[in-house]
Amino acid sequence: MFNRLVAAPTPLPRLLALASPERSGDRLAGIAAESREQRVRAQQELADTPLARFLDEPLVPYESDEVTRLILDSHDPAAFAPVRGLSVGQFREWLLDFATDGARIEAVSAGLTPEMVAATSKIMANQDLILVASKRRVVTRFRNTLGGPRTLGVRLQPNHPTDDPKGIVAAILDGLLLGAGDAVIGINPATDSVRSLEVLSRLLDDLIQGHGIPTQGCVLGHVTTQIRAIEAGVPIDLVFQSIAGTEAANASFGVSLSVLREAHQAALSQNRGTVGRNVMYFETGQGSCLSANAHHDIDQQTLEARAYAVARAFDPFLVNTVVGFIGPEYLADGKQILRAGLEDHFCGKLLGLPMGCDVCYTNHAEADQDDMDTLLTLLAVAGVNYVMGVPGADDVMLSYQSTSFHDAWYVRQALGLRPAPEFDAWLARVGLLDDAGRLRSPSNRLPFTRHALLEDAR
Amino acid sequence: MNPSEPAMDLGAALRRRTHARVGLGRAGGSLPTSALLDFRLSHARARDALLRPLDTPALAVALSAAGSGSVVITVDSAAPDLATYLVRPDLGRTLAPSAIPTLEAARGRPPADLVLMVSEGLSTLAVENHAAEVLRHLVPGLLADGWRLAPTVLVRRGRVAVQDAVGAVLGVSHALILLGERPGLGTPDSLGAYLVHGPRPGNTDALRNCVSNIHAAGLRPPDAASRLRWLLNASRLRRVSGVALKDESDLLQIPPAATSPAS
């Protein structure tokens, strides 16, 4: 008898790697498909793979990896029930079905594992990734409400190469004048010390509280530095950490689930949110496990989705994939960056995360600002919770290019999207918006343009 | 165009506070034309710095003159072309097979102490603009300090860790490589320098000392040379490099990047 089902199924890690759309990081790892045909054949086999198989065959051993344990121990069989009998290909069709709305996707979220959603993303077209993600809104709250319908937030990223408070305040004011800063005003400090964190956190607190801005601040030091700062009485809104999809990669970042639990409790203890208690901010990015040599021969996109399992354990306010930051050895060009951004956003949303994206690239990648415009626009169509706002798209501390305040306003304008409602109302109240909700020219009547750190510059 | 700028020039006040691209103005909510093209020019210059083909013979002549007339050997990394080099950093850390006999023939009897290396890395412009000048300020001091130098090695399409492969074949105790850093939007020609004690394949980056941001508006080449001379002498004395050496010196407090938007 000839029966194609007789052939032993390909081991899941290898099948997922072979089925992954082309990207340099999987080639660097030596696990990518050798030919285009081999890739699509793998996608066909993956489409026929039952979702339930991902529960039976962990990619990284349960015994040796706490991320695997987190994924399997927190799996909710009742939530999984509506899709338990489906293959990956059938699950794609279920997601695309007219009857499947955001509420239905939300209802199965706790039954989905990162590996299931990563597998599904690999067989999806870009338009599938956009359409399905657009169905699933994820709303989070701290001092404002992000993720609601027709809302697009912006992280204001006012970095300075020496953490100079005057330079940082100048960039913050520039962003506020352009309607940015509702997702968070988040500074990447050049120096990761408690002292530096204290100076910058107090600066943010003075600005936000002093002017009643309905937003939240964050200084993106290491999580252990932030815990120490909280213990020292420093006012901290959101607690940040970079995370990855394996225990070993997280260890290379100097974190573990227990450290993150401690950070989450410390952040909650501050009790600084006014409309909600989502207090964590996580960043991720394809390639981080491979660069830490902690990838277990698993493709970088599946590992990225596993990082989202770590994030969702802590009910975060913000998660973003920093999609083109790490360099062309992981995502070579604009096409690969675009695909990765759509996959990450899709996977995060399916797992119930408030996904944002740092749409970005470095100068040794084959990409330019037009590629970023394209990804920014597609992500906004897909309902991304927030994007970055960097002055002129040029981060003078981290030396990469992201999206600008102007870029964010462009996409809000083009698609009819608004800032977080509380922040939108504040922009109107202080006179930054006209009656039609458009940016108004800055006025020296605005109280925060009289900030002390700008006074001597007049 | 923004016809209703207020009397107070807030944009100018912001620009005095940071090199970030603040106070750019608006056309509607979008960038004014000049700001759009300024950015595009900066990116074009950074890309050109990376994509510019290296004139290897000319650089070899310049390096020889700068290195007090030393011999310059040119070898290739295992990366066959720029496109491969960019996506396969592992190949840039490895030597092409043809490089091995060339370097073996240059091994001293007994081996020298130090090999000075240059690679265009991610910015050909950085190497063209600053590598010879660093060597011109560095080599006389090293010779005065009693260092015995191997021939200077120019590695096409090298990464930092190729210093381990070269240093191991030459049998030297120290390797120093100058190479072009990833080009920044404001600084397309920044040079980096990395030194290691005991170069051998498998060394981690924690074993290297780095002096970065070498360019006209950053760490100037003569100052970079004096830092490198100090580090090499300290490394020879203590027989360590990297974190162990870094902990004992505040000379490694590198000034911040003096990046500024092109205007």
# chains A, B, ... in the order shown; residues from 1 in each chain; ligands from 1
$ interface_residues --of "chain A" --to "chain B" --cutoff "7 Å" --atoms "only C-alpha atoms" --output "ChimeraX atom specification"
/A:24,28,161-162,166-167,170-171,174,328-329,332,363-364,391-392,394,396,399,406,409-410,439,441-444,457-458
$ closest_atom_pairs --of "range 275-359 of chain A" --to "range 39-60 of chain A" --cutoff "12 Å" --atoms "only C-alpha atoms" --output "Markdown table"
| residue | atom | partner | partner_atom | distance |
| --- | --- | --- | --- | --- |
| A:Ala294 | CA | A:Val60 | CA | 10.6 |
| A:His295 | CA | A:Val60 | CA | 9.2 |
| A:His296 | CA | A:Val60 | CA | 7.1 |
| A:Asp297 | CA | A:Leu59 | CA | 9.4 |
| A:Ile298 | CA | A:Leu59 | CA | 7.6 |
| A:Asp299 | CA | A:Leu59 | CA | 10.6 |
| A:Thr302 | CA | A:Leu59 | CA | 9.7 |
| A:Leu303 | CA | A:Leu59 | CA | 9.7 |
| A:Arg306 | CA | A:Leu59 | CA | 10.3 |
$ residues_around --residues "Asp73 in chain A" --least-positions-apart "3" --cutoff "12 Å" --atoms "only C-alpha atoms" --output "PyMOL selection string"
chain A and resi 55+58+62+66-70+76-77+110-111+113+309+313
$ write_last_selection --atoms "C-alpha atoms" --output "PDB file, in the first residue's frame"
ATOM      1  CA  LEU A  55       1.522  20.380  23.364  1.00  0.00           C
ATOM      2  CA  PRO A  58       8.065  20.710  23.432  1.00  0.00           C
ATOM      3  CA  TYR A  62      10.520  20.882  29.811  1.00  0.00           C
ATOM      4  CA  GLU A  66      11.660  27.452  32.479  1.00  0.00           C
ATOM      5  CA  VAL A  67      10.062  29.162  29.477  1.00  0.00           C
ATOM      6  CA  THR A  68       8.855  25.762  28.236  1.00  0.00           C
ATOM      7  CA  ARG A  69       7.535  25.004  31.716  1.00  0.00           C
ATOM      8  CA  LEU A  70       5.744  28.360  31.793  1.00  0.00           C
ATOM      9  CA  ASP A  76      -5.645  26.348  29.459  1.00  0.00           C
ATOM     10  CA  PRO A  77      -7.313  23.226  27.983  1.00  0.00           C
ATOM     11  CA  ALA A 110      -5.059  31.151  26.837  1.00  0.00           C
ATOM     12  CA  GLY A 111      -5.309  27.862  24.960  1.00  0.00           C
ATOM     13  CA  THR A 113       0.945  28.367  22.743  1.00  0.00           C
ATOM     14  CA  ALA A 309       4.740  33.757  26.595  1.00  0.00           C
ATOM     15  CA  ALA A 313       2.679  36.112  32.374  1.00  0.00           C
TER      16      ALA A 313
END
$ residues_around --residues "range 259-267 of chain A" --least-positions-apart "3" --cutoff "8 Å" --atoms "only C-alpha atoms" --output "PyMOL selection string"
chain A and resi 223-224+226-227+230+236-239+255-256+270-271+279-280+314
$ residues_around --residues "Ala62 in chain B" --least-positions-apart "5" --cutoff "9 Å" --atoms "only C-alpha atoms" --output "PyMOL selection string"
chain B and resi 57+67+132
$ write_last_selection --atoms "N, CA and C atoms" --output "mmCIF file, in the first residue's frame"
data_model
loop_
_atom_site.group_PDB
_atom_site.id
_atom_site.type_symbol
_atom_site.label_atom_id
_atom_site.label_comp_id
_atom_site.auth_asym_id
_atom_site.auth_seq_id
_atom_site.Cartn_x
_atom_site.Cartn_y
_atom_site.Cartn_z
ATOM 1 N N PRO B 57 45.549 48.385 -2.666
ATOM 2 C CA PRO B 57 46.964 48.755 -2.847
ATOM 3 C C PRO B 57 47.278 50.142 -2.291
ATOM 4 N N GLY B 67 53.470 53.149 9.148
ATOM 5 C CA GLY B 67 54.048 52.205 10.093
ATOM 6 C C GLY B 67 55.558 52.179 10.018
ATOM 7 N N ALA B 132 45.628 55.133 8.795
ATOM 8 C CA ALA B 132 47.050 55.448 8.666
ATOM 9 C C ALA B 132 47.471 56.475 9.709
#
$ atom_distance --atom1 "CA of Val194 in chain A" --atom2 "CA of Ala229 in chain A"
5.5 Å
$ select_by_dssp --residues "range 143-221 of chain B" --states "strand (DSSP E or B)" --output "list in words"
Leu149, Thr152, Val153, Leu154, Val155, Arg156, His174, Ala175, Leu176, Ile177, Leu178, Leu179, Gly180, Leu191, Gly192, Ala193, Tyr194, Leu195, Val196, His197, Arg208, Asn209, Cys210, Val211, Ser212, Asn213, Ile214 and Leu219 of chain B
$ atom_distance --atom1 "CA of Gly210 in chain A" --atom2 "CA of Asp395 in chain A"
26.6 Å
$ select_by_dssp --residues "range 11-150 of chain A" --states "helix (DSSP H, G or I)" --output "VMD selection string"
chain A and resid 12 to 19 24 to 28 36 to 47 53 to 56 62 to 64 66 to 73 77 to 83 88 to 96 102 to 111 114 to 123 126 to 135
$ residues_around --residues "Leu95 in chain A" --least-positions-apart "4" --cutoff "8 Å" --atoms "only C-alpha atoms" --output "ChimeraX atom specification"
/A:91,100,105,132
